[in-house]
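These notes are about the structure you will find just below.
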Amino acid sequence: MKKNTTEKNIEFVSISIDDKKDHEKWKKMVADKELKGIQLFADNDWKSDFVKKYAIDGIPRFILIDTEGKIVNADAPRPSDTKLKEVLTELGL
């Protein structure tokens, strides 16, 4: 049985880096694919504040952020990678 991620104090957030004109297309894709977790949209493409402030230079990019907003791993393994479990275990999660 799969554990609820909230029991471990984990949230999965996806931020799509797109142009503002593609917002409706993105919303449809999120609904059609029934994407889980928190889905956000950076609507200024590669010029978005998020992209610049976190030095995102390629996608996908996986970042682990603690409950205080501090980056604990700026280049984490993707959620489907078994190495992520090792990283989370090292962090005590």
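How things are named: the first chain in the structure tokens is A, the next is B, and so on; residues count from 1 in each chain; ligands count from 1 in the order shown.
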Which of segment 6-68 of chain A fall in strand (DSSP E or B), as a list in words
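Answer for segment 6-68 of chain A, restricted to strand (DSSP E or B): Val13, Ser14, Ile15, Ser16, Ile17, Asp19, Ile38, Gln39, Leu40, Phe41, Ala42, Asn44, Leu64 and Ile65 of chain A.
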Could you write out that same residue set with all heavy atoms as a tab-separated table (two decimals), in the first residue's frame?
```tsv
chain	number	residue	atom	x	y	z
A	13	VAL	N	5.68	19.60	-6.32
A	13	VAL	CA	5.25	20.81	-7.02
A	13	VAL	C	5.88	20.79	-8.40
A	13	VAL	O	7.07	20.60	-8.55
A	13	VAL	CB	5.70	22.08	-6.25
A	13	VAL	CG1	5.28	23.33	-7.00
A	13	VAL	CG2	5.16	22.07	-4.83
A	14	SER	N	5.05	21.01	-9.40
A	14	SER	CA	5.53	21.09	-10.77
A	14	SER	C	5.29	22.51	-11.27
A	14	SER	O	4.18	23.04	-11.13
A	14	SER	CB	4.76	20.10	-11.65
A	14	SER	OG	5.13	20.25	-13.00
A	15	ILE	N	6.33	23.13	-11.82
A	15	ILE	CA	6.20	24.47	-12.37
A	15	ILE	C	6.51	24.40	-13.85
A	15	ILE	O	7.63	24.08	-14.25
A	15	ILE	CB	7.14	25.46	-11.67
A	15	ILE	CG1	6.85	25.48	-10.17
A	15	ILE	CG2	7.00	26.85	-12.29
A	15	ILE	CD1	7.80	26.32	-9.36
A	16	SER	N	5.50	24.68	-14.65
A	16	SER	CA	5.66	24.67	-16.09
A	16	SER	C	6.22	26.01	-16.53
A	16	SER	O	5.72	27.06	-16.15
A	16	SER	CB	4.31	24.41	-16.75
A	16	SER	OG	4.44	24.38	-18.15
A	17	ILE	N	7.25	25.98	-17.34
A	17	ILE	CA	7.89	27.20	-17.85
A	17	ILE	C	7.39	27.41	-19.27
A	17	ILE	O	7.84	26.73	-20.20
A	17	ILE	CB	9.43	27.08	-17.79
A	17	ILE	CG1	9.88	26.82	-16.37
A	17	ILE	CG2	10.08	28.32	-18.38
A	17	ILE	CD1	11.33	26.44	-16.23
A	19	ASP	N	5.08	30.29	-22.12
A	19	ASP	CA	4.65	31.63	-22.47
A	19	ASP	C	3.20	31.83	-22.02
A	19	ASP	O	2.41	30.89	-22.04
A	19	ASP	CB	4.76	31.80	-24.00
A	19	ASP	CG	4.65	33.24	-24.40
A	19	ASP	OD1	3.50	33.75	-24.42
A	19	ASP	OD2	5.69	33.86	-24.69
A	38	ILE	N	1.01	19.63	-6.84
A	38	ILE	CA	0.70	21.03	-7.04
A	38	ILE	C	1.25	21.45	-8.39
A	38	ILE	O	2.44	21.31	-8.65
A	38	ILE	CB	1.31	21.88	-5.91
A	38	ILE	CG1	0.73	21.45	-4.57
A	38	ILE	CG2	1.08	23.36	-6.17
A	38	ILE	CD1	1.46	22.02	-3.37
A	39	GLN	N	0.39	21.95	-9.26
A	39	GLN	CA	0.77	22.33	-10.61
A	39	GLN	C	0.75	23.86	-10.73
A	39	GLN	O	-0.28	24.48	-10.49
A	39	GLN	CB	-0.18	21.72	-11.63
A	39	GLN	CG	-0.25	20.21	-11.59
A	39	GLN	CD	1.05	19.55	-11.98
A	39	GLN	OE1	1.74	20.00	-12.90
A	39	GLN	NE2	1.40	18.48	-11.30
A	40	LEU	N	1.89	24.45	-11.06
A	40	LEU	CA	2.01	25.90	-11.20
A	40	LEU	C	2.51	26.25	-12.60
A	40	LEU	O	3.08	25.41	-13.29
A	40	LEU	CB	2.99	26.46	-10.15
A	40	LEU	CG	2.64	26.17	-8.70
A	40	LEU	CD1	3.76	26.67	-7.78
A	40	LEU	CD2	1.31	26.79	-8.31
A	41	PHE	N	2.32	27.50	-12.98
A	41	PHE	CA	2.64	27.95	-14.33
A	41	PHE	C	3.47	29.23	-14.25
A	41	PHE	O	3.01	30.25	-13.74
A	41	PHE	CB	1.32	28.23	-15.07
A	41	PHE	CG	1.45	28.57	-16.52
A	41	PHE	CD1	1.55	27.57	-17.47
A	41	PHE	CD2	1.45	29.88	-16.95
A	41	PHE	CE1	1.64	27.88	-18.82
A	41	PHE	CE2	1.55	30.21	-18.29
A	41	PHE	CZ	1.64	29.20	-19.23
A	42	ALA	N	4.73	29.16	-14.70
A	42	ALA	CA	5.60	30.35	-14.78
A	42	ALA	C	5.35	30.97	-16.15
A	42	ALA	O	5.82	30.47	-17.16
A	42	ALA	CB	7.06	29.96	-14.61
A	44	ASN	N	6.15	33.65	-17.85
A	44	ASN	CA	7.03	34.54	-18.61
A	44	ASN	C	8.18	33.75	-19.23
A	44	ASN	O	9.29	34.24	-19.37
A	44	ASN	CB	7.54	35.68	-17.74
A	44	ASN	CG	8.03	36.85	-18.54
A	44	ASN	OD1	7.81	36.93	-19.73
A	44	ASN	ND2	8.73	37.77	-17.89
A	64	LEU	N	14.83	20.03	-4.15
A	64	LEU	CA	14.25	19.73	-2.85
A	64	LEU	C	14.37	20.96	-1.97
A	64	LEU	O	15.46	21.51	-1.80
A	64	LEU	CB	14.99	18.57	-2.18
A	64	LEU	CG	14.84	17.21	-2.83
A	64	LEU	CD1	15.67	16.17	-2.08
A	64	LEU	CD2	13.40	16.78	-2.88
A	65	ILE	N	13.24	21.40	-1.44
A	65	ILE	CA	13.18	22.59	-0.59
A	65	ILE	C	12.58	22.17	0.74
A	65	ILE	O	11.53	21.51	0.77
A	65	ILE	CB	12.33	23.69	-1.26
A	65	ILE	CG1	12.92	24.02	-2.64
A	65	ILE	CG2	12.25	24.91	-0.37
A	65	ILE	CD1	12.06	24.94	-3.47
```
Residues within 12 Å of Val72 of chain A, only C-alpha atoms, excluding chain neighbours under 4 positions, as a PyMOL selection string:
chain A and resi 62-68+76+87-88+90-91
File dump, residues just selected, N, CA and C atoms, as a CSV table (one decimal), in the first residue's frame:
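Saved as result_14.csv:
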```
chain,number,residue,atom,x,y,z
A,62,PHE,N,14.7,19.2,-10.8
A,62,PHE,CA,14.1,18.8,-9.6
A,62,PHE,C,14.9,19.4,-8.4
A,63,ILE,N,14.2,20.1,-7.6
A,63,ILE,CA,14.8,20.8,-6.5
A,63,ILE,C,14.1,20.4,-5.2
A,64,LEU,N,14.8,20.0,-4.2
A,64,LEU,CA,14.2,19.7,-2.8
A,64,LEU,C,14.4,21.0,-2.0
A,65,ILE,N,13.2,21.4,-1.4
A,65,ILE,CA,13.2,22.6,-0.6
A,65,ILE,C,12.6,22.2,0.7
A,66,ASP,N,13.2,22.6,1.8
A,66,ASP,CA,12.7,22.1,3.2
A,66,ASP,C,11.5,23.0,3.6
A,67,THR,N,10.9,22.7,4.7
A,67,THR,CA,9.7,23.4,5.2
A,67,THR,C,10.0,24.8,5.5
A,68,GLU,N,11.2,25.2,5.6
A,68,GLU,CA,11.6,26.6,5.9
A,68,GLU,C,11.9,27.4,4.6
A,76,ALA,N,18.1,17.5,-7.6
A,76,ALA,CA,17.6,16.2,-7.0
A,76,ALA,C,17.3,15.2,-8.1
A,87,VAL,N,18.2,9.8,-1.2
A,87,VAL,CA,18.4,11.2,-0.8
A,87,VAL,C,17.5,11.6,0.3
A,88,LEU,N,16.2,11.2,0.2
A,88,LEU,CA,15.2,11.5,1.3
A,88,LEU,C,15.6,10.8,2.6
A,90,GLU,N,18.6,10.0,3.6
A,90,GLU,CA,19.8,10.8,4.1
A,90,GLU,C,19.3,12.0,4.9
A,91,LEU,N,18.2,12.6,4.4
A,91,LEU,CA,17.7,13.8,5.0
A,91,LEU,C,16.7,13.5,6.2
```
Skip Leu93 of chain A itself and residues of its chain fewer than 6 positions away, then list as a compact mmCIF listing (two decimals) with C-alpha atoms, in the first residue's frame all residues within 9 Å of it, counting only C-alpha atoms.
```txt
# COMPACT_ATOMS: atom_id res chain seq x y z
CA LYS A 8 6.19 12.37 5.49
CA ASN A 9 5.78 16.14 5.14
CA ILE A 10 6.44 16.05 1.37
CA LYS A 85 14.57 7.54 -1.89
CA VAL A 87 18.42 11.25 -0.80
```
Please, what distance in Å, to one decimal, runs between atom CA of Asn73 of chain A and atom CA of Glu86 of chain A?
12.5 Å
Which residue of A:Thr89, A:Lys20, A:Glu11, A:Lys70 approaches Asp45 of chain A most closely, using only C-alpha atoms
A:Lys20
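Reported to one decimal place, the separation of atom CA of Gly58 of chain A from atom CA of Asp18 of chain A is 12.7 Å.
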Mind listing the alpha helix (DSSP H) residues of chain A, per DSSP on the backbone, as a PyMOL selection string?
chain A and resi 23-32+49-53+82-90
Okay, now the selection with N, CA and C atoms, as a CSV table (one decimal), in the first residue's frame?
```csv
chain,number,residue,atom,x,y,z
A,23,HIS,N,-1.2,29.4,-21.6
A,23,HIS,CA,-1.8,29.0,-20.3
A,23,HIS,C,-3.0,28.1,-20.4
A,24,GLU,N,-3.9,28.4,-21.3
A,24,GLU,CA,-5.1,27.6,-21.5
A,24,GLU,C,-4.8,26.2,-22.0
A,25,LYS,N,-3.8,26.1,-22.9
A,25,LYS,CA,-3.4,24.8,-23.4
A,25,LYS,C,-2.7,24.0,-22.3
A,26,TRP,N,-2.0,24.6,-21.4
A,26,TRP,CA,-1.3,24.0,-20.2
A,26,TRP,C,-2.4,23.5,-19.3
A,27,LYS,N,-3.4,24.3,-19.0
A,27,LYS,CA,-4.5,23.9,-18.1
A,27,LYS,C,-5.2,22.6,-18.6
A,28,LYS,N,-5.4,22.6,-19.9
A,28,LYS,CA,-6.1,21.4,-20.5
A,28,LYS,C,-5.2,20.2,-20.4
A,29,MET,N,-3.9,20.3,-20.6
A,29,MET,CA,-3.0,19.2,-20.5
A,29,MET,C,-3.0,18.7,-19.1
A,30,VAL,N,-2.9,19.6,-18.1
A,30,VAL,CA,-2.9,19.1,-16.7
A,30,VAL,C,-4.2,18.3,-16.4
A,31,ALA,N,-5.3,18.8,-16.9
A,31,ALA,CA,-6.6,18.1,-16.6
A,31,ALA,C,-6.7,16.8,-17.4
A,32,ASP,N,-6.3,16.8,-18.7
A,32,ASP,CA,-6.3,15.6,-19.5
A,32,ASP,C,-5.5,14.5,-19.0
A,49,ASP,N,10.7,35.1,-13.1
A,49,ASP,CA,11.5,35.3,-11.9
A,49,ASP,C,12.0,34.0,-11.3
A,50,PHE,N,11.1,33.0,-11.3
A,50,PHE,CA,11.5,31.7,-10.7
A,50,PHE,C,12.7,31.1,-11.4
A,51,VAL,N,12.6,31.2,-12.8
A,51,VAL,CA,13.6,30.6,-13.6
A,51,VAL,C,15.0,31.3,-13.3
A,52,LYS,N,14.9,32.6,-13.3
A,52,LYS,CA,16.1,33.4,-13.1
A,52,LYS,C,16.7,33.2,-11.7
A,53,LYS,N,15.8,33.3,-10.7
A,53,LYS,CA,16.3,33.2,-9.3
A,53,LYS,C,16.8,31.9,-8.9
A,82,THR,N,15.0,5.7,-8.2
A,82,THR,CA,15.2,5.1,-6.9
A,82,THR,C,16.2,5.9,-6.1
A,83,LYS,N,17.1,6.6,-6.7
A,83,LYS,CA,18.1,7.4,-5.9
A,83,LYS,C,17.4,8.5,-5.1
A,84,LEU,N,16.2,8.9,-5.5
A,84,LEU,CA,15.5,9.9,-4.7
A,84,LEU,C,15.2,9.4,-3.3
A,85,LYS,N,14.8,8.1,-3.2
A,85,LYS,CA,14.6,7.5,-1.9
A,85,LYS,C,15.8,7.6,-1.0
A,86,GLU,N,17.0,7.4,-1.6
A,86,GLU,CA,18.2,7.4,-0.8
A,86,GLU,C,18.5,8.9,-0.3
A,87,VAL,N,18.2,9.8,-1.2
A,87,VAL,CA,18.4,11.2,-0.8
A,87,VAL,C,17.5,11.6,0.3
A,88,LEU,N,16.2,11.2,0.2
A,88,LEU,CA,15.2,11.5,1.3
A,88,LEU,C,15.6,10.8,2.6
A,89,THR,N,16.1,9.6,2.5
A,89,THR,CA,16.5,8.8,3.7
A,89,THR,C,17.7,9.6,4.4
A,90,GLU,N,18.6,10.0,3.6
A,90,GLU,CA,19.8,10.8,4.1
A,90,GLU,C,19.3,12.0,4.9
```
With distances taken over only C-alpha atoms, which residue among A:Ile59, A:Pro79, A:Gly92, A:Ile71 lies nearest Trp46 of chain A?
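Counting only C-alpha atoms, the residue closest to Trp46 of chain A is A:Ile59.
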